[in-house]
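Colleague: Handing you this structure, nothing more for now.
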Amino acid sequence: MELAPYPWLVKPAEVLRRMRKQLPSALLIHGPRGSGAYELAAAFARSVICQSPVDGVACGKCDECKLVVSGNHPDLKFVFSELEEFFHPKPWESKKENVTKTVKTLSGKIKIEQIRELGEFLSVTAHRGGNRAVVVYPADSMDKDQSSALLKTLEEPPAGTVIILVADDIDRLLPTIRSRCQIVPVSPPSRSQGIAYLEKSGIKNAEAELARLGGMPLLVHESDSELVMDKSMERKFLHLLELGPQLASVEIIKSIPRDVPLAAAVAVIQRWYWDLIAATFGLPSRYYPDQKTILDSLATHLNSKKALAYNQALLETSRFAAHPLNGRLILEDLLMKYSEIFRRERANQ
Ligand SMILES: [Zn+2]
């Protein structure tokens, strides 16, 4: 794990590295969505917790790092909105706490209870006697109540603790919050850095892909070249997904070749699913803006309970998709389940 996992983050990472000498109590890392601001914050938080960081980077080997990776470090806390929690599953989490809620009830805002809970968390001393780190994302989603509750914590910062606020848009934060924080801006990559990143990740048509991702290469989600499909097969796939509830197994069998690259196919479905959920929130499409009308129309038919379960199925499949026993069979099943997320519950279900 590097402090600057991406070349365009070298500068802000260096700023953070220098801050380690005298740890600030509050930090505000901000940059457009997908610029890497969150990734940088998470990496910095890990380095703060680490017993013996190497050049400002978490060592990954000490007891503290081991606890972090297992998800059990009592002095590292992530405060996410429900929506971010949903879209940024932490690597150690197999099940989401909010799995019983329906997609439509997921909030994009950090709640007042979470800020109060954070205050309580910080009111006792660190469990392991070392540093503590808190990452709050998206900090710019906080309303006045949440902000003033957080302000109380920021005004009396506990020793050895760094609170890292991450915001897409710094202007949406109250000036009183901003003034309490050391501010670290994160700039998106230059066009050539973005293209270079995608090319290095083995992505074909890197230039077009970067445009599709709005200039934010990290939004490609997966940087594995396996996860990119050739365009004509992707189009076939999108055609299937566009059918939504009308998607029938005969269509699937007709369209999917025997040697389908499963990991890439699942990645396409994941991206489509992301856009579909975004459409239910009235948000713009991140991956398939050309299909926005179809996505909007499909979104109105979405059975949110089934859709949430489907996301779990996608996540699980993507985990073992690299070495499938029978990729085509798995994919057929996944696509049939997809058509079902548009169906209402039957009385006997
Ligand atoms: Zn360590």
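In the structure tokens, the first chain shown is A, the next is B, and so on; residue numbers restart at 1 for each chain, and ligands run from 1 in the order shown.
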Using only C-alpha atoms and all ligand atoms, which residues have at least one atom no more than 7 Å from ligand 1? Output them as an NGL selection string.
Modeller: :A and (50-53 or 58-65)
Colleague: Any chance you can output those residues with N, CA and C atoms as a PDB file, in the first residue's frame?
Modeller:
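Below you can see part39.pdb, which holds the result:
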ATOM      1  N   CYS A  50      -0.448   2.773  11.914  1.00  0.00           N
ATOM      2  CA  CYS A  50       0.704   1.853  11.839  1.00  0.00           C
ATOM      3  C   CYS A  50       1.767   2.201  12.882  1.00  0.00           C
ATOM      4  N   GLN A  51       2.377   1.145  13.469  1.00  0.00           N
ATOM      5  CA  GLN A  51       3.422   1.326  14.482  1.00  0.00           C
ATOM      6  C   GLN A  51       4.733   1.795  13.869  1.00  0.00           C
ATOM      7  N   SER A  52       5.047   1.273  12.702  1.00  0.00           N
ATOM      8  CA  SER A  52       6.342   1.599  12.103  1.00  0.00           C
ATOM      9  C   SER A  52       6.202   1.885  10.609  1.00  0.00           C
ATOM     10  N   PRO A  53       5.572   3.019  10.296  1.00  0.00           N
ATOM     11  CA  PRO A  53       5.398   3.350   8.879  1.00  0.00           C
ATOM     12  C   PRO A  53       6.738   3.545   8.167  1.00  0.00           C
ATOM     13  N   ALA A  58       1.943   3.014   5.665  1.00  0.00           N
ATOM     14  CA  ALA A  58       1.692   1.894   6.574  1.00  0.00           C
ATOM     15  C   ALA A  58       2.513   0.679   6.143  1.00  0.00           C
ATOM     16  N   CYS A  59       3.142   0.007   7.148  1.00  0.00           N
ATOM     17  CA  CYS A  59       4.053  -1.096   6.807  1.00  0.00           C
ATOM     18  C   CYS A  59       3.311  -2.341   6.355  1.00  0.00           C
ATOM     19  N   GLY A  60       2.077  -2.517   6.850  1.00  0.00           N
ATOM     20  CA  GLY A  60       1.288  -3.686   6.465  1.00  0.00           C
ATOM     21  C   GLY A  60       1.663  -4.945   7.231  1.00  0.00           C
ATOM     22  N   LYS A  61       2.659  -4.850   8.124  1.00  0.00           N
ATOM     23  CA  LYS A  61       3.147  -6.062   8.797  1.00  0.00           C
ATOM     24  C   LYS A  61       2.983  -6.022  10.307  1.00  0.00           C
ATOM     25  N   CYS A  62       2.937  -4.831  10.890  1.00  0.00           N
ATOM     26  CA  CYS A  62       2.909  -4.750  12.354  1.00  0.00           C
ATOM     27  C   CYS A  62       1.533  -5.182  12.887  1.00  0.00           C
ATOM     28  N   ASP A  63       1.440  -5.305  14.195  1.00  0.00           N
ATOM     29  CA  ASP A  63       0.177  -5.753  14.808  1.00  0.00           C
ATOM     30  C   ASP A  63      -0.979  -4.817  14.477  1.00  0.00           C
ATOM     31  N   GLU A  64      -0.667  -3.511  14.481  1.00  0.00           N
ATOM     32  CA  GLU A  64      -1.727  -2.539  14.206  1.00  0.00           C
ATOM     33  C   GLU A  64      -2.241  -2.714  12.766  1.00  0.00           C
ATOM     34  N   CYS A  65      -1.307  -2.836  11.835  1.00  0.00           N
ATOM     35  CA  CYS A  65      -1.682  -3.013  10.428  1.00  0.00           C
ATOM     36  C   CYS A  65      -2.499  -4.283  10.227  1.00  0.00           C
TER      37      CYS A  65
END
Colleague: Could you list, as a list in words, every residue within 12 Å of Glu14 of chain A, counting only C-alpha atoms and ignoring same-chain residues fewer than 6 positions away?
Modeller: Glu2, Leu3, Ala4, Pro7, Trp8, Arg20, Leu40, Phe44, Asp55, Gly56, Val57, Val184, Pro185 and Val186 of chain A
Colleague: What is the distance, in Å and to one decimal place, between atom CA of Ala41 of chain A and atom CA of Pro289 of chain A?
Modeller: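 We find that atom CA of Ala41 of chain A and atom CA of Pro289 of chain A lie 29.1 Å from each other.
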Colleague: Which is closest to Leu27 of chain A among A:Leu335, A:Met216, A:Ile183, A:Ile256, if we use only C-alpha atoms?
Modeller: A:Ile183
Colleague: What is the distance, in Å and to one decimal place, between atom CA of Val124 of chain A and atom CA of Leu23 of chain A?
Modeller: 19.2 Å
Colleague: Within 9 Å of segment 162-179 of chain A, counting only C-alpha atoms, which residues show up once you throw out same-chain ones fewer than 6 positions away? Write them as a ChimeraX atom specification, please.
Modeller: /A:23-35,37-38,41-42,44-45,48,131-144,147-148,150-151,154
Colleague: Please run DSSP on the backbone and report, as a list in words, all residues within segment 126-337 of chain A that come out as strand (DSSP E).
Modeller: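 Filtering segment 126-337 of chain A to strand (DSSP E) leaves Arg132, Ala133, Val134, Val135, Val136, Tyr137, Thr161, Val162, Ile163, Ile164, Leu165, Val166, Ala167, Gln182, Ile183, Val184 and Pro185 of chain A.
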Colleague: Please return as a ChimeraX atom specification: the residues of segment 4-130 of chain A that backbone DSSP assigns to alpha helix (DSSP H).
Modeller: /A:10-19,37-49,63-69,82-87,112-123
Colleague: Quick one: of A:Lys337, A:Lys236, A:Lys11, A:Arg344, who's nearest to Ser304 of chain A, counting only C-alpha atoms?
Modeller: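 So, comparing all the options, the nearest one is A:Arg344.
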